[in-house]
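**Student:** The following block contains the structure, expressed as structure tokens.
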Amino acid sequence: MLKIKTSCFLWLIIAFSSNVVFAQKKQNAFYPGQLWKDDKGVHINAHGGGIVESKGVYYWFGEHKVAGEKGNTAQVGVHCYSSKDLYNWKDEGIALRVSDDLKSDIAKGCILERPKVVYNKKTKKFVMWFHLELLGKGYEAARTGLAVADKATGPYTFVKSYRPNPGILPFYHEGTSLADQVNCTKPANKSDGFFCRDLPGGQMARDMTVFVDDDGKAYHIFSSEENFTLHLAELSDDYLSHTGKFIRIYVGHQTEAPALFKKDGTYYMVGSGCTGWDPNPARWFKSNSIWGPWEYMGNPCIGENANITYGGQSTYVLPAPGKKGQFIFMADKWAPKNAIDGRYLWLPIKFNNQKMEISWLDKWDLNIFK
Ligand code: GAL
């Protein structure tokens, strides 16, 4: 009895002192690839993520991973963190929880990747889009899913999942190259073949992002056609569905992990190749119109390990706070054997005229932006 009491007392002391001694130290820099602790001292768990700003607060949403290979499936849901300075993040908990109902589209153990939240000024709702794979079906469902909330931190309510744009052909204009067009009576290549196969039921939607333009219009950009081709598709005014207007980008070249931003009226996109969890060279594109033509510009990374994006894969590009025309490249360094240990590589984007450049830095802060 006495033994139990003594050990309880010891625990109390340890718990109390750890709170005092180990309270999370304030950070004032980014350390790409290092453990990044939240306000509770726990490595941030928001992989394949994106950020939405609301009233001066930044909300980071990403895949909550658990330990081991099991962490490559959604055991918990989408985790949210908040910050005012981008260095120090407060744990806001699980914003969208997977369901215990095995019949739900977002049943526990499904694959739910690359969540991106956008705020709709008209409806005043936060809308979360993500890549969804149904439980037990590997990567074959290739659906997009969405959830909504009244508050940035949630809780988000799952709305639906589906394959976009069934029965609809891409939008063409004078700038559309022949290579980006498709003729389903005679598909010209493998990717066209996948497009035509999926035309009746809707197009495959895997790696993705959502981009909101200055005029409030939102676009869903996703790897489609068995990951051979990117689609850029317009969303409805409430951001809850696709309008049916879309284009194909860089047909047949397997672009994944798209992240889009706009600088001085020009649209930029950065993405990766298609090698699963293994890193590969990043690639970037630019265009004068959201509808293209999107010009392939090569690898934006420079220096050692530029050919493997420093071990990472793009997930989002964030406008630097208070620095007009300056942007932060956000990437994930995946750890598929122990998914929870995935790291975050945030690096500043530099522009050499209109040329996008990314270089490795062990440590940096927002003063780098002039
Ligand atoms: C990557 C993709 C990740 C995940 C992974 C699975 O290429 O970007 O989001 O889907 O493949 O192998």
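Labeling convention for the structure tokens: chains A, B, ... as they appear, residues from 1 per chain, ligands from 1 in order of appearance.
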Using only C-alpha atoms and all ligand atoms, which protein or nucleic acid residues are at most 8 Å from ligand 1, as a list in words?

**Tutor:**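 The residues within 8 Å of ligand 1, counting only C-alpha atoms and all ligand atoms, are Gly48, Asn72, Glu113, Arg114, Arg206, Asp207, Glu256, Ala257, Ser272, Gly273, Cys274, Thr275, Gly276, Trp277, Asp278 and Gln313 of chain A.
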
**Student:** Counting only C-alpha atoms, which residues in segment 146-179 of chain A sit no more than 10 Å from segment 103-107 of chain A? For each one, give the nearest pair of atoms and the distance in Å, sorted by chain then residue number, as JSON lines.

**Tutor:**
{"residue": "A:Phe158", "atom": "CA", "partner": "A:Ile106", "partner_atom": "CA", "distance": 8.1}
{"residue": "A:Val159", "atom": "CA", "partner": "A:Asp105", "partner_atom": "CA", "distance": 9.9}
{"residue": "A:Lys160", "atom": "CA", "partner": "A:Asp105", "partner_atom": "CA", "distance": 7.8}
{"residue": "A:Ser161", "atom": "CA", "partner": "A:Asp105", "partner_atom": "CA", "distance": 7.1}
{"residue": "A:Tyr162", "atom": "CA", "partner": "A:Asp105", "partner_atom": "CA", "distance": 9.8}

**Student:** Just asking: which residues within segment 326-358 of chain A are helix (DSSP H, G or I) according to DSSP, as a ChimeraX atom specification?

**Tutor:** /A:336-341

**Student:** When DSSP is applied to the backbone of this structure, which of segment 67-149 of chain A are assigned strand (DSSP E)? Write them out as an mmCIF file with N, CA and C atoms, in the first residue's frame.

**Tutor:**
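Result file is part.cif:
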data_model
loop_
_atom_site.group_PDB
_atom_site.id
_atom_site.type_symbol
_atom_site.label_atom_id
_atom_site.label_comp_id
_atom_site.auth_asym_id
_atom_site.auth_seq_id
_atom_site.Cartn_x
_atom_site.Cartn_y
_atom_site.Cartn_z
ATOM 1 N N GLY A 77 -7.680 10.928 -38.810
ATOM 2 C CA GLY A 77 -8.340 11.962 -39.611
ATOM 3 C C GLY A 77 -7.407 13.093 -39.962
ATOM 4 N N VAL A 78 -7.964 14.299 -40.005
ATOM 5 C CA VAL A 78 -7.197 15.483 -40.396
ATOM 6 C C VAL A 78 -6.926 16.318 -39.150
ATOM 7 N N HIS A 79 -5.660 16.625 -38.925
ATOM 8 C CA HIS A 79 -5.240 17.357 -37.726
ATOM 9 C C HIS A 79 -5.117 18.844 -38.063
ATOM 10 N N CYS A 80 -5.471 19.686 -37.108
ATOM 11 C CA CYS A 80 -5.380 21.139 -37.317
ATOM 12 C C CYS A 80 -4.497 21.783 -36.255
ATOM 13 N N TYR A 81 -3.685 22.748 -36.679
ATOM 14 C CA TYR A 81 -2.834 23.543 -35.786
ATOM 15 C C TYR A 81 -3.049 25.015 -36.122
ATOM 16 N N SER A 82 -2.841 25.895 -35.148
ATOM 17 C CA SER A 82 -2.973 27.323 -35.461
ATOM 18 C C SER A 82 -1.712 28.071 -35.037
ATOM 19 N N SER A 83 -1.471 29.206 -35.710
ATOM 20 C CA SER A 83 -0.271 29.983 -35.416
ATOM 21 C C SER A 83 -0.462 31.418 -35.877
ATOM 22 N N LYS A 90 -0.024 25.833 -32.319
ATOM 23 C CA LYS A 90 -0.850 25.316 -31.230
ATOM 24 C C LYS A 90 -1.693 24.147 -31.753
ATOM 25 N N ASP A 91 -1.711 23.084 -31.009
ATOM 26 C CA ASP A 91 -2.510 21.919 -31.389
ATOM 27 C C ASP A 91 -3.992 22.241 -31.227
ATOM 28 N N GLU A 92 -4.738 22.223 -32.325
ATOM 29 C CA GLU A 92 -6.191 22.495 -32.271
ATOM 30 C C GLU A 92 -6.993 21.203 -32.374
ATOM 31 N N GLY A 93 -6.306 20.071 -32.376
ATOM 32 C CA GLY A 93 -7.006 18.783 -32.366
ATOM 33 C C GLY A 93 -7.396 18.291 -33.749
ATOM 34 N N ILE A 94 -8.258 17.299 -33.763
ATOM 35 C CA ILE A 94 -8.662 16.654 -35.022
ATOM 36 C C ILE A 94 -9.852 17.423 -35.611
ATOM 37 N N ALA A 95 -9.651 17.945 -36.811
ATOM 38 C CA ALA A 95 -10.685 18.789 -37.445
ATOM 39 C C ALA A 95 -11.722 17.921 -38.158
ATOM 40 N N LEU A 96 -11.256 16.864 -38.801
ATOM 41 C CA LEU A 96 -12.174 15.917 -39.460
ATOM 42 C C LEU A 96 -11.776 14.518 -39.001
ATOM 43 N N ARG A 97 -12.727 13.829 -38.398
ATOM 44 C CA ARG A 97 -12.441 12.505 -37.851
ATOM 45 C C ARG A 97 -12.930 11.433 -38.812
ATOM 46 N N ILE A 111 -7.901 5.733 -47.050
ATOM 47 C CA ILE A 111 -6.745 6.600 -47.308
ATOM 48 C C ILE A 111 -7.289 7.998 -47.568
ATOM 49 N N LEU A 112 -6.877 8.925 -46.725
ATOM 50 C CA LEU A 112 -7.382 10.299 -46.841
ATOM 51 C C LEU A 112 -6.159 11.206 -46.871
ATOM 52 N N GLU A 113 -5.869 11.768 -48.047
ATOM 53 C CA GLU A 113 -4.597 12.466 -48.216
ATOM 54 C C GLU A 113 -4.759 13.911 -48.676
ATOM 55 N N ARG A 114 -3.722 14.695 -48.384
ATOM 56 C CA ARG A 114 -3.538 16.047 -48.904
ATOM 57 C C ARG A 114 -4.731 16.979 -48.675
ATOM 58 N N PRO A 115 -5.299 17.011 -47.452
ATOM 59 C CA PRO A 115 -6.430 17.905 -47.204
ATOM 60 C C PRO A 115 -6.056 19.375 -47.387
ATOM 61 N N LYS A 116 -6.958 20.129 -48.011
ATOM 62 C CA LYS A 116 -6.734 21.568 -48.213
ATOM 63 C C LYS A 116 -8.034 22.281 -47.842
ATOM 64 N N VAL A 117 -7.916 23.297 -46.998
ATOM 65 C CA VAL A 117 -9.105 24.039 -46.556
ATOM 66 C C VAL A 117 -9.114 25.417 -47.193
ATOM 67 N N VAL A 118 -10.283 25.830 -47.673
ATOM 68 C CA VAL A 118 -10.445 27.187 -48.198
ATOM 69 C C VAL A 118 -11.668 27.805 -47.531
ATOM 70 N N TYR A 119 -11.650 29.136 -47.444
ATOM 71 C CA TYR A 119 -12.761 29.845 -46.805
ATOM 72 C C TYR A 119 -13.620 30.483 -47.879
ATOM 73 N N ASN A 120 -14.925 30.258 -47.799
ATOM 74 C CA ASN A 120 -15.834 30.851 -48.767
ATOM 75 C C ASN A 120 -16.480 32.101 -48.163
ATOM 76 N N LYS A 125 -18.400 29.634 -44.918
ATOM 77 C CA LYS A 125 -18.054 28.262 -44.495
ATOM 78 C C LYS A 125 -16.597 27.972 -44.822
ATOM 79 N N PHE A 126 -16.001 27.149 -44.007
ATOM 80 C CA PHE A 126 -14.685 26.595 -44.323
ATOM 81 C C PHE A 126 -14.931 25.266 -45.033
ATOM 82 N N VAL A 127 -14.292 25.103 -46.203
ATOM 83 C CA VAL A 127 -14.522 23.899 -47.002
ATOM 84 C C VAL A 127 -13.207 23.144 -47.138
ATOM 85 N N MET A 128 -13.230 21.884 -46.771
ATOM 86 C CA MET A 128 -12.021 21.043 -46.849
ATOM 87 C C MET A 128 -12.178 20.038 -47.984
ATOM 88 N N TRP A 129 -11.215 20.068 -48.904
ATOM 89 C CA TRP A 129 -11.177 19.075 -49.991
ATOM 90 C C TRP A 129 -10.002 18.142 -49.728
ATOM 91 N N PHE A 130 -10.155 16.890 -50.151
ATOM 92 C CA PHE A 130 -9.051 15.939 -49.971
ATOM 93 C C PHE A 130 -9.134 14.816 -50.995
ATOM 94 N N HIS A 131 -8.062 14.071 -51.086
ATOM 95 C CA HIS A 131 -8.013 12.875 -51.920
ATOM 96 C C HIS A 131 -8.469 11.712 -51.055
ATOM 97 N N LEU A 132 -9.432 10.946 -51.564
ATOM 98 C CA LEU A 132 -9.989 9.844 -50.771
ATOM 99 C C LEU A 132 -9.905 8.514 -51.506
ATOM 100 N N GLU A 133 -9.447 7.505 -50.777
ATOM 101 C CA GLU A 133 -9.468 6.128 -51.277
ATOM 102 C C GLU A 133 -10.290 5.309 -50.301
ATOM 103 N N ARG A 143 -10.936 9.081 -55.631
ATOM 104 C CA ARG A 143 -12.027 10.057 -55.519
ATOM 105 C C ARG A 143 -11.549 11.341 -54.858
ATOM 106 N N THR A 144 -12.340 12.367 -55.032
ATOM 107 C CA THR A 144 -12.145 13.562 -54.246
ATOM 108 C C THR A 144 -13.253 13.586 -53.192
ATOM 109 N N GLY A 145 -12.946 14.127 -52.022
ATOM 110 C CA GLY A 145 -13.945 14.200 -50.967
ATOM 111 C C GLY A 145 -13.978 15.591 -50.396
ATOM 112 N N LEU A 146 -15.086 15.943 -49.733
ATOM 113 C CA LEU A 146 -15.134 17.257 -49.112
ATOM 114 C C LEU A 146 -15.924 17.245 -47.818
ATOM 115 N N ALA A 147 -15.579 18.218 -46.968
ATOM 116 C CA ALA A 147 -16.213 18.355 -45.656
ATOM 117 C C ALA A 147 -16.337 19.850 -45.377
ATOM 118 N N VAL A 148 -17.297 20.251 -44.545
ATOM 119 C CA VAL A 148 -17.489 21.684 -44.265
ATOM 120 C C VAL A 148 -17.559 21.952 -42.769
ATOM 121 N N ALA A 149 -17.244 23.205 -42.421
ATOM 122 C CA ALA A 149 -17.319 23.624 -41.022
ATOM 123 C C ALA A 149 -17.644 25.108 -40.952
#

**Student:** Tell me which protein, DNA and RNA residues are within 8 Å of Ile249 of chain A, counting only C-alpha atoms, leaving out same-chain ones fewer than 2 positions away, and put them as number ranges by chain.

**Tutor:** A: 180, 229-232, 247, 251, 294

**Student:** For atom CA of Pro281 of chain A and atom CA of Thr309 of chain A, quote the distance in Å rounded to one decimal.

**Tutor:**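 Going from atom CA of Pro281 of chain A over to atom CA of Thr309 of chain A covers 5.5 Å.
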
**Student:** Just how far from atom CA of Phe61 of chain A is atom CA of Trp36 of chain A, in Å to one decimal?

**Tutor:**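 Going from atom CA of Trp36 of chain A over to atom CA of Phe61 of chain A, I get 14.8 Å.
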
**Student:** When distances are computed from only C-alpha atoms, which of A:Gln27, A:Lys124, A:Phe327, A:Pro200 shows the smallest separation from Lys363 of chain A?

**Tutor:** A:Gln27

**Student:** Using only C-alpha atoms, which protein or nucleic acid residues come within 10 Å of Ile44 of chain A? Drop anything in the same chain fewer than 4 positions from it, and give the result as a PyMOL selection string.

**Tutor:** chain A and resi 35-40+60+62+64+79-81+89-91+340-344

**Student:** Write out as a ChimeraX atom specification which residues come within 9 Å of Asp192 of chain A when counting only C-alpha atoms, dropping same-chain ones fewer than 2 positions away.

**Tutor:** /A:181-184,186-190,194-197,225,251-252

**Student:** Given only C-alpha atoms as the basis, pick out the residue of A:Lys70, A:Lys217, A:His43, A:Lys323 nearest to Lys121 of chain A.

**Tutor:** A:Lys217

**Student:** I'd like the neighbourhood of His220 of chain A as a list in words, where a residue qualifies if any of its atoms comes within 9 Å (using only C-alpha atoms), though same-chain residues fewer than 2 positions away should be ignored.

**Tutor:**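 My list of contacting residues is Trp129, Met208, Thr209, Val210, Phe211, Ala218, Phe222, His231, Leu232, Ala233, Glu234, Leu235 and His242 of chain A.
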
**Student:** Write a file of the selected residues as an mmCIF file, in the first residue's frame, keeping N, CA and C atoms.

**Tutor:**
data_model
loop_
_atom_site.group_PDB
_atom_site.id
_atom_site.type_symbol
_atom_site.label_atom_id
_atom_site.label_comp_id
_atom_site.auth_asym_id
_atom_site.auth_seq_id
_atom_site.Cartn_x
_atom_site.Cartn_y
_atom_site.Cartn_z
ATOM 1 N N TRP A 129 -11.215 20.068 -48.904
ATOM 2 C CA TRP A 129 -11.177 19.075 -49.991
ATOM 3 C C TRP A 129 -10.002 18.142 -49.728
ATOM 4 N N MET A 208 -3.731 16.348 -54.854
ATOM 5 C CA MET A 208 -4.520 17.539 -55.176
ATOM 6 C C MET A 208 -4.188 18.758 -54.330
ATOM 7 N N THR A 209 -4.673 19.895 -54.850
ATOM 8 C CA THR A 209 -4.695 21.119 -54.072
ATOM 9 C C THR A 209 -5.939 21.907 -54.465
ATOM 10 N N VAL A 210 -6.240 22.950 -53.708
ATOM 11 C CA VAL A 210 -7.303 23.882 -54.091
ATOM 12 C C VAL A 210 -6.698 25.273 -54.072
ATOM 13 N N PHE A 211 -7.008 26.044 -55.098
ATOM 14 C CA PHE A 211 -6.472 27.398 -55.203
ATOM 15 C C PHE A 211 -7.627 28.387 -55.329
ATOM 16 N N ALA A 218 -12.651 29.428 -57.109
ATOM 17 C CA ALA A 218 -11.746 28.390 -56.603
ATOM 18 C C ALA A 218 -11.572 27.275 -57.630
ATOM 19 N N PHE A 222 -5.768 18.378 -59.677
ATOM 20 C CA PHE A 222 -5.544 17.002 -59.209
ATOM 21 C C PHE A 222 -4.912 16.109 -60.266
ATOM 22 N N HIS A 231 -5.450 17.636 -63.909
ATOM 23 C CA HIS A 231 -6.647 18.385 -64.301
ATOM 24 C C HIS A 231 -6.744 19.625 -63.419
ATOM 25 N N LEU A 232 -7.163 20.713 -64.010
ATOM 26 C CA LEU A 232 -7.459 21.925 -63.253
ATOM 27 C C LEU A 232 -8.933 22.210 -63.499
ATOM 28 N N ALA A 233 -9.742 22.132 -62.433
ATOM 29 C CA ALA A 233 -11.196 22.192 -62.591
ATOM 30 C C ALA A 233 -11.796 23.280 -61.710
ATOM 31 N N GLU A 234 -12.705 24.022 -62.301
ATOM 32 C CA GLU A 234 -13.365 25.123 -61.573
ATOM 33 C C GLU A 234 -14.379 24.562 -60.567
ATOM 34 N N LEU A 235 -14.437 25.204 -59.383
ATOM 35 C CA LEU A 235 -15.446 24.832 -58.391
ATOM 36 C C LEU A 235 -16.605 25.829 -58.441
ATOM 37 N N HIS A 242 -18.070 20.717 -58.522
ATOM 38 C CA HIS A 242 -17.346 21.112 -59.739
ATOM 39 C C HIS A 242 -18.339 21.697 -60.741
#

**Student:** List as a JSON list (two decimals) with all heavy atoms, in the first residue's frame the protein and nucleic acid residues near Tyr316 of chain A, meaning an atom at most 6 Å away when only C-alpha atoms are counted, but skip any in the same chain fewer than 4 places from it.

**Tutor:**
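As written to disk, selection-v5.json reads:
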[["chain", "number", "residue", "atom", "x", "y", "z"],
["A", 50, "GLY", "N", -1.89, 21.80, -45.92],
["A", 50, "GLY", "CA", -2.05, 23.12, -46.53],
["A", 50, "GLY", "C", -2.45, 24.08, -45.44],
["A", 50, "GLY", "O", -2.73, 23.68, -44.30],
["A", 259, "ALA", "N", 0.84, 22.35, -56.33],
["A", 259, "ALA", "CA", 0.63, 23.49, -55.44],
["A", 259, "ALA", "C", 0.65, 24.73, -56.32],
["A", 259, "ALA", "O", 1.58, 24.91, -57.12],
["A", 259, "ALA", "CB", 1.72, 23.56, -54.39],
["A", 330, "MET", "N", 6.24, 24.54, -49.33],
["A", 330, "MET", "CA", 6.05, 23.55, -48.27],
["A", 330, "MET", "C", 6.09, 22.15, -48.87],
["A", 330, "MET", "O", 5.39, 21.89, -49.85],
["A", 330, "MET", "CB", 4.68, 23.75, -47.60],
["A", 330, "MET", "CG", 4.56, 25.02, -46.80],
["A", 330, "MET", "SD", 2.83, 25.38, -46.31],
["A", 330, "MET", "CE", 2.27, 23.85, -45.61]]
